[in-house]
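Listing of upload_18.txt; format and content: compact mmCIF, C-alpha atoms.
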```txt
# COMPACT_ATOMS: atom_id res chain seq x y z
CA MET A 1 45.29 -28.51 -11.93
CA SER A 2 43.75 -30.14 -8.86
CA ALA A 3 42.09 -33.53 -9.10
CA ASN A 4 38.74 -31.89 -8.35
CA ALA A 5 39.17 -29.26 -11.04
CA ALA A 6 39.91 -31.94 -13.60
CA ILE A 7 36.55 -33.70 -13.20
CA SER A 8 34.46 -30.81 -14.49
CA ARG A 9 34.60 -32.29 -17.97
CA VAL A 10 32.94 -35.50 -16.79
CA GLY A 11 29.85 -33.80 -15.47
CA GLY A 12 30.80 -31.92 -12.32
CA GLU A 13 30.41 -33.04 -8.72
CA ARG A 14 30.79 -36.71 -7.85
CA ILE A 15 30.50 -38.73 -4.65
CA CYS A 16 34.28 -39.08 -4.83
CA SER A 17 34.85 -35.31 -5.11
CA PRO A 18 35.68 -34.67 -1.42
CA LEU A 19 38.31 -37.42 -1.54
CA LEU A 20 40.04 -36.71 -4.85
CA ASP A 21 42.73 -34.29 -3.76
CA ALA A 22 43.74 -36.57 -0.88
CA ILE A 23 43.75 -39.59 -3.20
CA ALA A 24 45.97 -37.71 -5.66
CA ALA A 25 48.31 -36.51 -2.90
CA GLN A 26 49.17 -40.08 -1.88
CA ALA A 27 49.41 -41.54 -5.40
CA ALA A 28 53.20 -41.31 -5.72
CA ALA A 29 53.73 -42.75 -2.23
CA ALA A 30 51.24 -45.55 -2.96
CA ASP A 31 53.20 -46.42 -6.08
CA ARG A 32 56.49 -46.37 -4.14
CA THR A 33 55.28 -48.34 -1.11
CA ARG A 34 52.91 -50.57 -3.12
CA SER A 35 49.96 -49.93 -0.81
CA VAL A 36 47.19 -47.35 -0.86
CA ASP A 37 47.28 -45.05 2.17
CA ALA A 38 45.29 -46.54 5.06
CA ASP A 39 43.46 -43.26 5.67
CA ILE A 40 42.32 -43.22 2.04
CA ILE A 41 41.01 -46.77 2.29
CA ALA A 42 39.15 -45.84 5.49
CA ALA A 43 37.68 -42.72 3.86
CA ILE A 44 36.47 -44.71 0.86
CA LYS A 45 34.90 -47.32 3.13
CA ALA A 46 33.08 -44.56 5.01
CA SER A 47 31.68 -43.10 1.78
CA ASP A 48 28.84 -44.08 -0.50
CA LEU A 49 31.40 -45.15 -3.11
CA MET A 50 31.33 -48.58 -1.50
CA ARG A 51 27.58 -48.94 -2.07
CA LEU A 52 27.36 -47.80 -5.69
CA THR A 53 26.63 -51.22 -7.21
CA ALA A 54 24.41 -52.49 -4.40
CA SER A 55 20.70 -52.40 -5.23
CA SER A 56 18.31 -50.31 -3.14
CA ASN A 57 16.80 -53.41 -1.50
CA LEU A 58 20.29 -54.13 -0.14
CA GLY A 59 20.59 -50.61 1.19
CA GLY A 60 22.81 -49.54 -1.70
CA ARG A 61 22.89 -46.57 -4.07
CA ALA A 62 21.77 -48.62 -7.09
CA ALA A 63 23.89 -46.21 -9.12
CA PRO A 64 23.47 -46.13 -12.89
CA VAL A 65 26.26 -47.91 -14.74
CA ALA A 66 27.21 -44.60 -16.35
CA ALA A 67 27.50 -42.91 -12.95
CA VAL A 68 29.87 -45.62 -11.69
CA ALA A 69 32.02 -45.11 -14.80
CA ARG A 70 32.23 -41.37 -14.10
CA GLU A 71 33.23 -41.95 -10.48
CA LEU A 72 35.97 -44.38 -11.45
CA GLU A 73 37.20 -42.08 -14.22
CA ALA A 74 37.68 -39.31 -11.69
CA VAL A 75 39.37 -41.55 -9.09
CA ALA A 76 41.69 -43.04 -11.74
CA GLY A 77 42.76 -39.56 -12.76
CA ALA A 78 43.84 -39.00 -9.16
CA CYS A 79 45.41 -42.45 -8.52
CA ALA A 80 44.94 -45.41 -10.83
CA SER A 81 45.93 -47.95 -8.16
CA THR A 82 43.23 -46.68 -5.81
CA ALA A 83 40.70 -46.76 -8.64
CA TRP A 84 41.74 -50.29 -9.60
CA CYS A 85 41.06 -51.61 -6.10
CA LEU A 86 37.73 -49.77 -5.83
CA TRP A 87 36.78 -51.00 -9.32
CA ASN A 88 37.43 -54.57 -8.23
CA HIS A 89 35.24 -54.17 -5.16
CA LEU A 90 32.34 -52.65 -7.10
CA SER A 91 32.52 -55.19 -9.93
CA VAL A 92 32.95 -58.18 -7.65
CA PHE A 93 30.12 -57.16 -5.33
CA HIS A 94 27.80 -57.02 -8.36
CA PHE A 95 28.96 -60.55 -9.16
CA TYR A 96 28.43 -61.72 -5.57
CA CYS A 97 24.85 -60.48 -5.72
CA GLY A 98 24.11 -62.23 -9.00
CA LEU A 99 25.64 -65.55 -8.00
CA LEU A 100 24.55 -65.77 -4.35
CA GLY A 101 21.05 -64.48 -5.12
CA PRO A 102 18.01 -63.84 -2.91
CA GLY A 103 18.85 -66.69 -0.56
CA HIS A 104 21.78 -64.64 0.75
CA GLN A 105 20.18 -61.21 0.58
CA ASP A 106 20.47 -60.59 4.32
CA LEU A 107 24.21 -61.28 4.28
CA LEU A 108 24.77 -59.03 1.27
CA ALA A 109 22.68 -56.29 2.88
CA ALA A 110 24.80 -56.54 6.03
CA ILE A 111 27.99 -56.20 3.96
CA THR A 112 26.50 -53.14 2.27
CA ALA A 113 25.38 -51.54 5.53
CA SER A 114 28.83 -51.99 7.08
CA GLY A 115 30.66 -50.57 4.07
CA GLU A 116 32.75 -53.72 3.86
CA TRP A 117 35.18 -54.37 1.02
CA VAL A 118 35.09 -57.54 -1.09
CA SER A 119 37.56 -59.22 -3.43
CA LEU A 120 37.70 -62.22 -5.76
CA PRO A 121 41.11 -63.93 -5.75
CA ALA A 122 40.64 -66.49 -8.51
CA GLY A 123 43.31 -65.80 -11.11
CA ALA A 124 45.75 -68.08 -12.88
CA GLY A 125 47.29 -70.63 -10.55
CA THR A 126 44.29 -70.81 -8.22
CA SER A 127 43.63 -74.33 -6.95
CA ILE A 128 41.20 -74.92 -4.09
CA GLN A 129 39.46 -78.06 -2.87
CA GLY A 130 36.40 -78.27 -0.62
CA ILE A 131 35.29 -81.26 1.44
CA SER A 132 31.76 -81.65 2.78
CA ASP A 133 31.63 -81.86 6.56
CA GLY A 134 28.06 -81.96 7.82
CA ASP A 135 26.59 -78.46 7.76
CA GLU A 136 29.98 -76.98 6.85
CA VAL A 137 32.49 -77.22 4.04
CA THR A 138 36.23 -77.31 4.72
CA VAL A 139 38.24 -75.40 2.12
CA THR A 140 41.98 -75.75 1.46
CA GLY A 141 44.19 -74.33 -1.30
CA ASP A 142 45.75 -71.25 -2.87
CA ALA A 143 44.14 -68.33 -4.69
CA HIS A 144 45.90 -65.70 -6.75
CA PHE A 145 45.37 -62.16 -8.09
CA GLY A 146 43.18 -60.95 -5.24
CA SER A 147 43.02 -57.28 -6.19
CA GLY A 148 42.21 -55.25 -3.08
CA ALA A 149 42.20 -58.32 -0.82
CA ARG A 150 44.48 -56.79 1.81
CA TYR A 151 42.04 -53.89 2.16
CA GLY A 152 38.94 -56.04 2.36
CA GLU A 153 36.69 -57.89 4.79
CA TRP A 154 35.37 -60.62 2.44
CA VAL A 155 36.89 -62.92 -0.17
CA GLY A 156 35.11 -64.89 -2.88
CA ILE A 157 36.25 -68.50 -3.19
CA THR A 158 35.87 -70.75 -6.24
CA PHE A 159 36.60 -74.40 -5.52
CA MET A 160 35.89 -78.00 -6.40
CA LEU A 161 33.67 -79.78 -3.87
CA ASP A 162 34.31 -83.44 -3.03
CA ASP A 163 34.52 -85.38 -6.30
CA GLU A 164 32.03 -83.27 -8.25
CA ARG A 165 32.95 -81.77 -11.61
CA ILE A 166 30.97 -78.52 -11.28
CA PRO A 167 32.87 -75.77 -9.43
CA ARG A 168 31.32 -74.16 -6.37
CA PHE A 169 31.45 -70.66 -4.97
CA THR A 170 31.23 -69.15 -1.51
CA ILE A 171 32.41 -66.10 0.39
CA ALA A 172 34.31 -65.92 3.66
CA GLN A 173 35.57 -63.22 5.96
CA SER A 174 39.18 -62.27 5.32
CA ALA A 175 39.95 -62.43 9.05
CA ALA A 176 38.45 -65.91 9.52
CA PRO A 177 40.67 -68.66 10.96
CA GLY A 178 42.25 -70.49 8.06
CA VAL A 179 42.65 -67.44 5.79
CA ARG A 180 46.07 -65.93 5.17
CA ILE A 181 46.70 -62.99 2.83
CA ASP A 182 50.15 -62.57 1.33
CA PRO A 183 50.31 -58.86 0.39
CA THR A 184 52.32 -59.22 -2.78
CA TRP A 185 52.24 -57.69 -6.24
CA ASN A 186 54.67 -58.87 -8.88
CA GLY A 187 53.31 -56.96 -11.87
CA MET A 188 54.83 -54.23 -13.97
CA SER A 189 52.31 -51.52 -13.13
CA LEU A 190 49.55 -50.40 -10.78
CA ARG A 191 51.97 -51.11 -7.98
CA ALA A 192 49.52 -50.37 -5.16
CA SER A 193 46.66 -52.39 -6.58
CA ALA A 194 47.14 -55.12 -3.96
CA THR A 195 46.94 -58.10 -6.26
CA ASP A 196 47.49 -60.44 -3.34
CA ASN A 197 47.81 -64.19 -2.94
CA LEU A 198 45.50 -65.93 -0.49
CA TYR A 199 45.99 -69.24 1.26
CA TYR A 200 43.18 -71.27 2.81
CA ASP A 201 44.10 -73.88 5.40
CA LYS A 202 41.07 -75.90 6.47
CA LEU A 203 38.83 -72.85 6.30
CA ARG A 204 35.31 -73.76 7.43
CA VAL A 205 32.35 -72.11 5.71
CA PRO A 206 28.61 -72.78 6.14
CA ALA A 207 27.36 -75.33 3.61
CA ASP A 208 24.26 -73.23 2.98
CA ARG A 209 26.51 -70.41 1.73
CA VAL A 210 27.86 -72.57 -1.10
CA VAL A 211 26.33 -72.19 -4.58
CA PRO A 212 27.06 -73.73 -7.99
CA PHE A 213 29.59 -71.92 -10.18
CA VAL A 214 28.68 -73.16 -13.63
CA PRO A 215 30.53 -72.01 -16.77
CA LYS A 216 28.83 -69.20 -18.68
CA TYR A 217 26.92 -68.16 -15.58
CA ARG A 218 25.93 -65.01 -17.48
CA VAL A 219 23.58 -67.18 -19.54
CA LYS A 220 22.01 -68.57 -16.36
CA PHE A 221 21.42 -65.04 -15.07
CA ARG A 222 19.36 -64.29 -18.19
CA ASP A 223 16.92 -67.14 -17.53
CA PRO A 224 13.62 -65.62 -16.27
CA ALA A 225 13.30 -68.60 -13.92
CA TYR A 226 16.60 -67.76 -12.24
CA PRO A 227 15.81 -65.65 -9.16
CA VAL A 228 17.74 -62.40 -8.72
CA ILE A 229 17.85 -59.86 -5.90
CA ASP A 230 17.30 -57.05 -8.38
CA HIS A 231 16.98 -56.91 -12.16
CA ARG A 232 20.31 -55.09 -12.43
CA TYR A 233 22.05 -58.35 -11.49
CA ARG A 234 20.98 -60.01 -14.72
CA GLU A 235 23.73 -57.90 -16.31
CA ASP A 236 27.02 -59.79 -16.30
CA TRP A 237 29.73 -58.35 -14.08
CA VAL A 238 32.44 -58.90 -16.72
CA GLY A 239 30.63 -56.66 -19.21
CA LEU A 240 30.13 -53.97 -16.59
CA SER A 241 33.69 -54.27 -15.29
CA ASP A 242 35.00 -53.77 -18.82
CA LEU A 243 32.96 -50.59 -19.28
CA TRP A 244 34.20 -49.24 -15.95
CA LEU A 245 37.76 -50.21 -16.86
CA GLY A 246 37.37 -48.19 -20.04
CA GLY A 247 36.24 -45.26 -17.91
CA MET A 248 39.34 -45.60 -15.74
CA ALA A 249 41.61 -45.61 -18.81
CA VAL A 250 39.95 -42.37 -19.91
CA GLY A 251 40.64 -40.88 -16.48
CA VAL A 252 44.33 -41.81 -16.60
CA ALA A 253 44.78 -40.49 -20.15
CA GLN A 254 42.91 -37.27 -19.38
CA ALA A 255 45.06 -36.60 -16.32
CA ALA A 256 48.19 -37.22 -18.37
CA LEU A 257 46.98 -34.83 -21.06
CA ASP A 258 46.08 -32.14 -18.53
CA GLU A 259 49.50 -32.40 -16.92
CA ALA A 260 51.27 -32.27 -20.29
CA CYS A 261 49.34 -29.18 -21.35
CA ALA A 262 50.10 -27.43 -18.07
CA GLY A 263 53.77 -28.42 -17.99
CA ILE A 264 54.56 -27.43 -21.54
CA GLN A 265 53.63 -23.76 -21.19
CA GLU A 266 57.10 -22.50 -20.29
CA ARG A 267 59.26 -25.20 -21.89
CA ILE A 268 61.76 -24.23 -24.57
CA ALA A 269 62.51 -26.46 -27.55
CA ILE A 270 65.69 -26.55 -29.65
CA MET A 271 66.79 -23.17 -31.03
CA GLY A 272 64.88 -21.27 -28.37
CA THR A 273 61.36 -21.78 -29.72
CA LYS A 274 58.65 -22.11 -27.11
CA MET A 275 57.16 -25.57 -27.29
CA VAL A 276 53.69 -24.17 -26.80
CA GLU A 277 54.06 -22.38 -30.15
CA ARG A 278 55.18 -25.36 -32.24
CA PRO A 279 52.50 -26.57 -34.70
CA THR A 280 53.39 -30.24 -34.23
CA ILE A 281 52.68 -29.88 -30.51
CA HIS A 282 49.23 -28.54 -31.38
CA VAL A 283 48.61 -31.40 -33.82
CA ASN A 284 49.61 -34.17 -31.42
CA LEU A 285 47.78 -32.73 -28.43
CA GLY A 286 44.73 -32.14 -30.60
CA HIS A 287 44.74 -35.77 -31.71
CA ALA A 288 45.23 -36.92 -28.12
CA GLY A 289 42.34 -34.81 -26.85
CA ALA A 290 40.07 -36.04 -29.63
CA ALA A 291 40.98 -39.67 -28.90
CA ILE A 292 40.20 -39.23 -25.19
CA ASN A 293 36.90 -37.53 -25.95
CA SER A 294 35.97 -40.36 -28.31
CA ALA A 295 36.93 -42.98 -25.73
CA ARG A 296 34.79 -41.26 -23.09
CA ALA A 297 31.85 -41.03 -25.52
CA THR A 298 32.18 -44.72 -26.39
CA VAL A 299 32.07 -45.76 -22.74
CA HIS A 300 29.22 -43.38 -21.97
CA GLN A 301 27.09 -44.61 -24.87
CA ALA A 302 27.50 -48.27 -23.91
CA CYS A 303 26.79 -47.46 -20.25
CA THR A 304 23.69 -45.47 -21.22
CA GLU A 305 22.39 -48.38 -23.32
CA THR A 306 22.90 -50.70 -20.35
CA ASP A 307 21.13 -48.33 -17.95
CA ALA A 308 18.18 -48.00 -20.33
CA ARG A 309 17.91 -51.80 -20.49
CA ILE A 310 18.00 -52.10 -16.70
CA ASP A 311 15.42 -49.34 -16.25
CA ALA A 312 13.10 -51.00 -18.77
CA GLY A 313 13.44 -54.41 -17.12
CA LEU A 314 14.85 -55.96 -20.29
CA THR A 315 16.99 -59.07 -20.05
CA PRO A 316 20.42 -58.69 -21.71
CA THR A 317 21.39 -60.86 -24.64
CA GLU A 318 24.76 -62.21 -25.73
CA ASP A 319 24.87 -59.41 -28.29
CA ASP A 320 24.37 -56.84 -25.53
CA TYR A 321 27.16 -58.41 -23.50
CA LEU A 322 29.59 -58.45 -26.41
CA ARG A 323 28.74 -54.86 -27.28
CA GLN A 324 29.81 -53.91 -23.75
CA LEU A 325 33.11 -55.74 -24.18
CA ALA A 326 33.71 -54.27 -27.64
CA ALA A 327 33.00 -50.73 -26.45
CA SER A 328 35.52 -51.15 -23.65
CA MET A 329 38.12 -52.60 -26.02
CA THR A 330 37.71 -49.62 -28.32
CA ALA A 331 37.87 -47.06 -25.52
CA LEU A 332 41.01 -48.67 -24.14
CA ARG A 333 42.66 -48.56 -27.57
CA LEU A 334 41.79 -44.88 -28.02
CA ALA A 335 43.15 -44.03 -24.56
CA GLY A 336 46.34 -45.90 -25.45
CA GLU A 337 46.69 -43.91 -28.67
CA ALA A 338 46.37 -40.70 -26.66
CA MET A 339 49.11 -41.83 -24.27
CA GLN A 340 51.44 -42.49 -27.19
CA LEU A 341 50.78 -39.03 -28.61
CA ILE A 342 51.51 -37.44 -25.24
CA VAL A 343 54.85 -39.28 -25.11
CA ARG A 344 55.67 -37.82 -28.52
CA VAL A 345 54.92 -34.33 -27.24
CA LEU A 346 56.88 -34.70 -24.01
CA GLY A 347 59.98 -35.98 -25.78
CA GLY A 348 62.99 -37.34 -23.95
CA ASN A 349 63.50 -34.40 -21.62
CA GLY A 350 59.83 -33.99 -20.84
CA LEU A 351 59.47 -37.68 -20.08
CA ARG A 352 62.55 -37.62 -17.86
CA GLU A 353 61.40 -34.56 -15.95
CA SER A 354 57.70 -35.34 -15.79
CA GLY A 355 56.34 -35.67 -12.28
CA SER A 356 53.81 -38.42 -12.88
CA PHE A 357 53.56 -39.30 -16.57
CA GLU A 358 55.74 -42.39 -16.29
CA ARG A 359 53.52 -43.73 -13.51
CA ARG A 360 50.34 -42.97 -15.42
CA TYR A 361 51.75 -44.51 -18.60
CA ARG A 362 52.76 -47.64 -16.69
CA ASP A 363 49.40 -47.80 -14.92
CA TYR A 364 47.58 -47.64 -18.23
CA GLN A 365 49.48 -50.67 -19.60
CA ALA A 366 47.71 -53.07 -17.22
CA MET A 367 44.23 -52.04 -18.30
CA PRO A 368 43.89 -53.56 -21.80
CA LEU A 369 45.86 -56.58 -20.59
CA HIS A 370 43.30 -57.52 -17.94
CA ILE A 371 41.74 -60.84 -18.91
CA ASN A 372 38.21 -59.40 -18.88
CA ALA A 373 39.08 -56.75 -21.48
CA HIS A 374 42.05 -58.25 -23.34
CA PRO A 375 41.64 -57.32 -27.03
CA ASP A 376 42.50 -60.82 -28.27
CA ARG A 377 39.83 -62.38 -26.09
CA VAL A 378 37.18 -59.75 -26.80
CA SER A 379 37.70 -59.44 -30.55
CA GLU A 380 37.77 -63.21 -31.04
CA ALA A 381 34.49 -63.67 -29.16
CA TYR A 382 32.82 -60.76 -30.93
CA GLY A 383 34.03 -61.94 -34.32
CA ARG A 384 32.62 -65.42 -33.76
CA HIS A 385 29.32 -63.86 -32.74
CA LEU A 386 29.19 -61.70 -35.85
CA LEU A 387 29.66 -64.84 -37.96
CA GLY A 388 26.83 -66.61 -36.18
CA LEU A 389 29.16 -68.96 -34.30
CA PRO A 390 28.76 -69.67 -30.57
CA THR A 391 30.95 -67.74 -28.20
CA GLU A 392 33.22 -70.09 -26.30
CA ASN A 393 34.57 -68.00 -23.42
CA ALA A 394 33.39 -69.31 -20.08
CA PHE A 395 33.00 -65.76 -18.73
```

Please, can you express the file's structure as structure tokens?
Amino acid sequence: MSANAAISRVGGERICSPLLDAIAAQAAAADRTRSVDADIIAAIKASDLMRLTASSNLGGRAAPVAAVARELEAVAGACASTAWCLWNHLSVFHFYCGLLGPGHQDLLAAITASGEWVSLPAGAGTSIQGISDGDEVTVTGDAHFGSGARYGEWVGITFMLDDERIPRFTIAQSAAPGVRIDPTWNGMSLRASATDNLYYDKLRVPADRVVPFVPKYRVKFRDPAYPVIDHRYREDWVGLSDLWLGGMAVGVAQAALDEACAGIQERIAIMGTKMVERPTIHVNLGHAGAAINSARATVHQACTETDARIDAGLTPTEDDYLRQLAASMTALRLAGEAMQLIVRVLGGNGLRESGSFERRYRDYQAMPLHINAHPDRVSEAYGRHLLGLPTENAF
């Protein structure tokens, strides 16, 4: 089954449709070389995929949240590493827009018009210091887990300024003097997801491009007095990124199921019985298909609720945010259950001989472990909320 044929179940044609077969064709090589094919990156940058989360007043597509989920589901079914990098760009750009706000609308519109790629290297181990220097700030330090950074033109930088206690945020061009990208990835899966390290050595950025980076910024975005470029940016990027991550998990699991169903047709089990005729095969594949359908429905429902809120101009609440996280957590669990059932069907020989299941299975493992969607983090926060206790997570 081609990558394009597989997306019919998620609603037919997508912006990504012309690229899917090429994305799928390079997936194994991307996994082996640990970089997405340069032609694929260029094709994505030349497409409207880059502008999905940019509002119309930035020249973007202002795509519904549900539409972004469907695009990423399809891309993940073709190559999860490619989808992961695109997902980071789309999620992070939404965050850029919310945090930088109307005062930087022209810059964000220029990034949108040029189809430029953004990243946010700010994972564990990041330590950056900024020093005021007239109308500029000099930034020095290390940043980690910059997914997609090597493919991008802009990096987001979180840092401490002078002796202040409130973190600051700015963006800088990846090619600026003082920026070095170490194209490394030391994880167990998603080997081409470009989770790079970045090093800033006396990088100079305009002081007027620096904004506060207060904890629980999602609460600040909900304040009617806080100016936003577009109402969609009152939605927190973590909640949206979790929903889109759930969509990607669905895409990976669906592709694995499709491949298993196609590959099992002529396989022979012990004693000469065709595997396709064994009742336990039917049972396990049926459960897997049902789990994937339920995961997709869970993501779609939460995305649809979010889109309705945006369209109505309603400000999200903490309950809305936690519902997004909980929906993603559930979808990721269901996709994981489907992957386990597919392993049971493939068996030892099928797993050994499978063309791509091992890669897809490994790719899936990173998804529920991402800090935004980690089940321990999400369930703890949601449980506190259900008990009427304050949620403590800073993001």

Measure the distance from atom CA of Pro212 of chain A to atom CA of Ile166 of chain A in Å and round it to one decimal. 7.0 Å

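Within the 10 Å cut-off around Gly101 of chain A, using all atoms listed in the file and omitting residues fewer than 3 positions from it on the same chain, the listed residues are Phe95, Tyr96, Cys97, Gly98, His104, Gln105, Leu108, Val211, Phe221, Tyr226, Pro227, Val228, Ile229, Asp230 and Tyr233 of chain A.
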
I'd like a table as a tab-separated table: residues in segment 22-89 of chain A with an atom no more than 10 Å from segment 306-309 of chain A, each row giving the shortest atom pair and its distance in Å to one decimal, only C-alpha atoms counted, sorted by chain and rising residue number.
```
residue	atom	partner	partner_atom	distance
A:Ala63	CA	A:Asp307	CA	9.5
A:Pro64	CA	A:Asp307	CA	6.0
A:Val65	CA	A:Asp307	CA	6.1
A:Ala66	CA	A:Asp307	CA	7.3
A:Ala67	CA	A:Asp307	CA	9.7
```

Counting all atoms listed in the file, closest pick from A:Leu120, A:Leu389, A:Ala394, A:Ile171 relative to Asn197 of chain A is A:Leu120

Ranking A:Asp31, A:Glu358, A:Asp106, A:Glu318 by minimum distance to Arg234 of chain A and counting all atoms listed in the file, which one comes first? A:Glu318

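Neighbouring residues of segment 278-292 of chain A at 6 Å or closer, counting all atoms listed in the file and skipping chain neighbours under 3 positions away, are Met275, Ala295, Leu334, Ala335, Ala338, Leu341 and Val345 of chain A.
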
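Picture a line from atom CA of Leu332 of chain A to atom CA of Val250 of chain A; it runs 7.7 Å.
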
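Residue nearest Asp162 of chain A, chosen from A:Ala76, A:Ala42, A:Val139, A:Val238 and counting all atoms listed in the file: A:Val139.
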
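Here atom CA of Ala256 of chain A stands at a distance of 22.0 Å from atom CA of Asp37 of chain A.
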
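Distances to Thr53 of chain A were evaluated for A:Arg165, A:Lys202, A:Arg180, A:Arg232 using only C-alpha atoms, and the minimum falls at A:Arg232.
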
Interface rows for segment 13-56 of chain A against segment 141-155 of chain A: nearest pair, Å to one decimal, 10 Å, all atoms listed in the file, as JSON lines:
```
{"residue": "A:Ser35", "atom": "CA", "partner": "A:Arg150", "partner_atom": "CA", "distance": 9.2}
{"residue": "A:Val36", "atom": "CA", "partner": "A:Tyr151", "partner_atom": "CA", "distance": 8.9}
{"residue": "A:Ala38", "atom": "CA", "partner": "A:Tyr151", "partner_atom": "CA", "distance": 8.5}
{"residue": "A:Ile41", "atom": "CA", "partner": "A:Tyr151", "partner_atom": "CA", "distance": 7.2}
{"residue": "A:Ala42", "atom": "CA", "partner": "A:Tyr151", "partner_atom": "CA", "distance": 9.2}
{"residue": "A:Lys45", "atom": "CA", "partner": "A:Gly152", "partner_atom": "CA", "distance": 9.6}
```

Counting all atoms listed in the file, give me one row per residue of segment 237-299 of chain A with an atom at most 8 Å from an atom of segment 359-383 of chain A, showing the shortest contact pair and its distance in Å to one decimal, sorted by chain then residue number, as a Markdown table.
```
| residue | atom | partner | partner_atom | distance |
| --- | --- | --- | --- | --- |
| A:Val238 | CA | A:Asn372 | CA | 6.2 |
| A:Ser241 | CA | A:Asn372 | CA | 7.7 |
| A:Asp242 | CA | A:Ala373 | CA | 5.7 |
| A:Leu245 | CA | A:Met367 | CA | 6.9 |
| A:Ala249 | CA | A:Tyr364 | CA | 6.3 |
| A:Val252 | CA | A:Arg360 | CA | 6.2 |
| A:Ala253 | CA | A:Arg360 | CA | 7.7 |
| A:Ala256 | CA | A:Arg360 | CA | 6.8 |
```

Output C-alpha atoms of each residue in that selection to a file, as a compact mmCIF listing (two decimals), keeping the file's coordinate frame.
```txt
# COMPACT_ATOMS: atom_id res chain seq x y z
CA VAL A 238 32.44 -58.90 -16.72
CA SER A 241 33.69 -54.27 -15.29
CA ASP A 242 35.00 -53.77 -18.82
CA LEU A 245 37.76 -50.21 -16.86
CA ALA A 249 41.61 -45.61 -18.81
CA VAL A 252 44.33 -41.81 -16.60
CA ALA A 253 44.78 -40.49 -20.15
CA ALA A 256 48.19 -37.22 -18.37
```

Kindly indicate which residue among A:Gln26, A:Gln254, A:Ser328, A:Thr298 lies nearest to Phe357 of chain A, using all atoms listed in the file for the distances. A:Gln254

Neighbouring residues of Glu73 of chain A were defined as those with any atom within 12 Å, considering only C-alpha atoms; residues of the same chain fewer than 4 positions away were excluded. Please report them as a VMD selection string. chain A and resid 3 to 4 6 to 11 14 16 to 17 20 66 to 69 77 to 80 82 to 84 86 to 87 243 to 255 292 295 to 296 299 to 300

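Remark: for Phe395 of chain A, the closest of the candidate residues A:Phe93, A:Tyr200, A:Tyr321, A:Tyr217 is A:Tyr217 (distances computed over only C-alpha atoms).
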
Just give me the residues with any atom within 12 Å of (41.1, -72.9, -17.9), file coordinates, counting only C-alpha atoms, written as a PyMOL selection string. chain A and resi 122-127+215+392-395
